[in-house]
Amino acid sequence: MKVQKIELYHISIPLPADFYPSWIPGYPQKFNRCTLIKLTTDDGLVGYSGGVAMEEEREGLGSLLGQYLIGQEVEKIDEVRQLIREASYLGWRNSWIEAAFWDLIGKKEGKPLYKLLGGEGGKVLTYCSTGEVHEPAQRAEEVLAIRDLGFSIVKLRVHDFDIKKDIEQLKVVRQAVGDTMKIGVDANQGWPVTIINKPPIWDLDRATEFAKACEEYDISWLEEPLDMYAFDEMAELRRRTKTPIAGGELTSGWHEHKIMFEKESLDIYQPDATFCGIDTAVKIMQEANRRGLKYKPHTWSNGIGFAINLQLAAANPNREPLEFPYEPPGWIPKYRDGILSEPFEVDSEGFVTVPDKPGLGFEISEEALKRYGRKFFEMTPGSLAIKTIKQRGLFNALRLAKAKKQD
Ligand SMILES: [Mg+2]
């Protein structure tokens, strides 16, 4: 099965209200944006993936990517991964594209991704992942409403310059819910974004002090308390606190994860298959299981990213509660998953059903694609040949075609 056509779309879904992500202080997010890739094979199968986008920054991605992927054997995932990696040496970080190949393999074999990876279906327990920093009293009320929806676990955000205010979040919410809910907390220190307001930057001392407060309020995990590359400091923090330390959402390579495992930097590994690739995510899951640690993927990007990481969570023999991004009124399933034919919702006990459909388990809504999408690139073997002749001349085009055929 070979790739015969590559199409790329900008997707931009207007949110019903501004969303203020804690990880970009001061930034009013008005759209849920991604780049959608659509691969069509010589068998006529169609595979998709989505990469989170701020704007239309991938406008030129196709001209880099096309020649790498046209004609590629879909089932040779090692080759696919290497080609995607090579394209990122020369241009964009592209691991999100690997999932479209898994989508095709699953569709060809008639199996959902979790089954291809040896997992079982059914339901996955989720935790409600809030995305903004609110006043503690307001947040406490919201968490009670979240509990009423069926969630038994919630993740809070802290991002204040004053540690007392951060600790106040834990205290007030814990008092409100008593022991009826588990609480996690995300400090979003892994990859600070300074584009609008300056974020607070934690050092090991502040992380230690906050982790101690987490112990006091029985916090189930502390996420990204330090920079994503502070491998030694995170290991030291683990020695200083009983609170489990989580991280790695934007750590995209296996080799970096390997160092974190060796240094014992984390209790909970949170790679996102749309940032690191499915193959790498599986490797991290297996290593975490082998070491008696936890694999709990990050999912906060868009509906496609959630769907992909849901399949991985379902493939894990040691299932952990999965992140369910939810921050009304701006960030809710209808808009988060606005490009899918069916948004993912939780049931009255906080579970999400793992789709049984072959591939990644979602369908793109043609209507939403028309409304929110703009195709900006298309390539077929024919159009690649014409481009190559135009850019490099007929002699070189023939030489390149011959070299490609030989491997
Ligand atoms: Mg996080």
# chains A, B, ... in the order shown; residues from 1 in each chain; ligands from 1

call {"tool": "residues_around", "arguments": {"residues": "stretch 112-123 of chain A", "least_positions_apart": "6", "cutoff": "6 Å", "atoms": "only C-alpha atoms", "output": "list of chain:residue names"}}
result
A:Gly106, A:Gln311, A:Ala314, A:Ala315, A:Phe351, A:Val352, A:Thr353, A:Val354, A:Asp356, A:Lys357, A:Pro358, A:Gly359, A:Leu360

call {"tool": "select_by_dssp", "arguments": {"residues": "stretch 25-181 of chain A", "states": "strand (DSSP E or B)", "output": "MDAnalysis selection string"}}
result
chainID A and resid 29:41 46:52 73 112 123:129 153:157

call {"tool": "closest_atom_pairs", "arguments": {"of": "chain A", "to": "ligand 1", "cutoff": "7 Å", "atoms": "only C-alpha atoms and all ligand atoms", "output": "JSON lines"}}
result
{"residue": "A:Asp186", "atom": "CA", "partner": "ligand 1", "partner_atom_place_in_ligand_line": "1 (Mg)", "distance": 5.7}
{"residue": "A:Asn188", "atom": "CA", "partner": "ligand 1", "partner_atom_place_in_ligand_line": "1 (Mg)", "distance": 5.8}
{"residue": "A:Glu223", "atom": "CA", "partner": "ligand 1", "partner_atom_place_in_ligand_line": "1 (Mg)", "distance": 6.1}
{"residue": "A:Glu224", "atom": "CA", "partner": "ligand 1", "partner_atom_place_in_ligand_line": "1 (Mg)", "distance": 6.5}
{"residue": "A:Glu249", "atom": "CA", "partner": "ligand 1", "partner_atom_place_in_ligand_line": "1 (Mg)", "distance": 6.5}
{"residue": "A:His298", "atom": "CA", "partner": "ligand 1", "partner_atom_place_in_ligand_line": "1 (Mg)", "distance": 6.7}

call {"tool": "write_last_selection", "arguments": {"atoms": "C-alpha atoms", "output": "PDB file, in the first residue's frame"}}
result
ATOM      1  CA  ASP A 186      -0.007  21.303  36.654  1.00  0.00           C
ATOM      2  CA  ASN A 188       3.318  24.268  33.353  1.00  0.00           C
ATOM      3  CA  GLU A 223       3.010  18.044  36.705  1.00  0.00           C
ATOM      4  CA  GLU A 224       5.912  19.931  35.100  1.00  0.00           C
ATOM      5  CA  GLU A 249       4.530  16.231  27.371  1.00  0.00           C
ATOM      6  CA  HIS A 298      -0.844  14.274  27.414  1.00  0.00           C
TER       7      HIS A 298
END

call {"tool": "closest_atom_pairs", "arguments": {"of": "stretch 90-206 of chain A", "to": "stretch 232-235 of chain A", "cutoff": "12 Å", "atoms": "only C-alpha atoms", "output": "tab-separated table"}}
result
residue	atom	partner	partner_atom	distance
A:Gln189	CA	A:Met234	CA	11.6
A:Gly190	CA	A:Met234	CA	10.9
A:Trp202	CA	A:Glu233	CA	11.2
A:Asp203	CA	A:Glu233	CA	8.7
A:Leu204	CA	A:Glu233	CA	6.4
A:Asp205	CA	A:Glu233	CA	9.9
A:Arg206	CA	A:Glu233	CA	11.7

call {"tool": "write_last_selection", "arguments": {"atoms": "all heavy atoms", "output": "compact mmCIF listing (two decimals), in the first residue's frame"}}
result
# COMPACT_ATOMS: atom_id res chain seq x y z
N GLN A 189 5.65 24.38 33.98
CA GLN A 189 7.00 24.96 33.98
C GLN A 189 7.89 24.32 32.91
O GLN A 189 9.03 24.73 32.73
CB GLN A 189 7.65 24.75 35.37
CG GLN A 189 7.02 25.58 36.46
CD GLN A 189 7.25 27.06 36.25
OE1 GLN A 189 8.37 27.50 36.00
NE2 GLN A 189 6.19 27.84 36.32
N GLY A 190 7.38 23.32 32.23
CA GLY A 190 8.20 22.55 31.29
C GLY A 190 8.70 23.36 30.12
O GLY A 190 9.85 23.24 29.69
N TRP A 202 9.99 28.61 38.02
CA TRP A 202 10.32 27.94 39.28
C TRP A 202 11.76 27.43 39.27
O TRP A 202 12.28 27.02 38.24
CB TRP A 202 9.40 26.74 39.51
CG TRP A 202 7.96 27.09 39.76
CD1 TRP A 202 7.34 28.29 39.51
CD2 TRP A 202 6.97 26.23 40.32
NE1 TRP A 202 6.01 28.20 39.87
CE2 TRP A 202 5.76 26.96 40.36
CE3 TRP A 202 6.98 24.91 40.77
CZ2 TRP A 202 4.57 26.41 40.85
CZ3 TRP A 202 5.80 24.35 41.25
CH2 TRP A 202 4.61 25.10 41.29
N ASP A 203 12.35 27.44 40.48
CA ASP A 203 13.61 26.71 40.66
C ASP A 203 13.33 25.53 41.60
O ASP A 203 12.19 25.31 42.02
CB ASP A 203 14.72 27.63 41.20
CG ASP A 203 14.34 28.27 42.53
OD1 ASP A 203 13.35 27.82 43.17
OD2 ASP A 203 15.01 29.23 42.95
N LEU A 204 14.38 24.78 41.89
CA LEU A 204 14.19 23.56 42.68
C LEU A 204 13.61 23.87 44.06
O LEU A 204 12.78 23.11 44.57
CB LEU A 204 15.53 22.81 42.79
CG LEU A 204 15.52 21.50 43.55
CD1 LEU A 204 14.52 20.50 42.94
CD2 LEU A 204 16.92 20.87 43.56
N ASP A 205 14.02 25.00 44.66
CA ASP A 205 13.51 25.35 45.99
C ASP A 205 12.01 25.61 45.96
O ASP A 205 11.27 25.14 46.81
CB ASP A 205 14.24 26.58 46.54
CG ASP A 205 15.64 26.24 47.01
OD1 ASP A 205 15.90 25.02 47.17
OD2 ASP A 205 16.46 27.16 47.17
N ARG A 206 11.58 26.38 44.96
CA ARG A 206 10.14 26.67 44.88
C ARG A 206 9.35 25.39 44.59
O ARG A 206 8.29 25.14 45.17
CB ARG A 206 9.86 27.71 43.80
CG ARG A 206 8.36 27.86 43.59
CD ARG A 206 7.91 29.21 43.17
NE ARG A 206 6.46 29.22 42.98
CZ ARG A 206 5.77 30.27 42.60
NH1 ARG A 206 6.38 31.40 42.38
NH2 ARG A 206 4.46 30.19 42.46

call {"tool": "closest_residue", "arguments": {"among": "A:Ile37, A:Ala368, A:Leu398, A:Leu322", "to": "A:Thr126", "atoms": "only C-alpha atoms"}}
result
A:Leu322

call {"tool": "atom_distance", "arguments": {"atom1": "atom CA of A:Ala313", "atom2": "atom CA of A:Asp347"}}
result
17.2 Å

call {"tool": "residues_around", "arguments": {"residues": "A:Arg174", "least_positions_apart": "6", "cutoff": "12 Å", "atoms": "only C-alpha atoms", "output": "list of chain:residue names"}}
result
A:Pro136, A:Ala137, A:Arg139, A:Ala140, A:Glu141, A:Val143, A:Leu144, A:Ile153, A:Val154, A:Lys155, A:Leu156, A:Ile167, A:Glu168, A:Thr180, A:Met181, A:Lys182, A:Ile183, A:Gly184, A:Val185, A:Ala213, A:Cys214, A:Glu215, A:Glu216, A:Tyr217, A:Asp218, A:Ile219, A:Ser220

call {"tool": "closest_residue", "arguments": {"among": "A:Glu109, A:Glu262, A:Glu59, A:Lys2", "to": "A:Val80", "atoms": "only C-alpha atoms"}}
result
A:Lys2

call {"tool": "select_by_dssp", "arguments": {"residues": "stretch 185-349 of chain A", "states": "helix (DSSP H, G or I)", "output": "VMD selection string"}}
result
chain A and resid 204 to 216 231 to 240 254 to 263 273 to 276 278 to 290 303 to 315 333 to 336

call {"tool": "residues_around", "arguments": {"residues": "A:Leu15", "least_positions_apart": "6", "cutoff": "7 Å", "atoms": "only C-alpha atoms", "output": "number ranges by chain"}}
result
A: 30-32, 330, 335

call {"tool": "closest_residue", "arguments": {"among": "A:Ser152, A:Ser265, A:Gln29, A:Gln286", "to": "A:Glu349", "atoms": "only C-alpha atoms"}}
result
A:Ser152

call {"tool": "residues_around", "arguments": {"residues": "A:Arg33", "least_positions_apart": "4", "cutoff": "12 Å", "atoms": "only C-alpha atoms", "output": "JSON, numbers by chain"}}
result
{"A": [9, 10, 11, 12, 13, 14, 15, 29, 50, 51, 52, 53, 54, 55, 56, 57, 58, 301, 302, 303, 304, 305, 335, 336, 337, 338, 339, 372, 373, 374]}

call {"tool": "closest_residue", "arguments": {"among": "A:Gly292, A:Pro28, A:Pro199, A:Pro333", "to": "A:Phe161", "atoms": "only C-alpha atoms"}}
result
A:Pro199

call {"tool": "atom_distance", "arguments": {"atom1": "atom CA of A:Pro192", "atom2": "atom CA of A:Trp23"}}
result
6.8 Å

call {"tool": "atom_distance", "arguments": {"atom1": "atom CA of A:Ile24", "atom2": "atom CA of A:Lys198"}}
result
9.0 Å
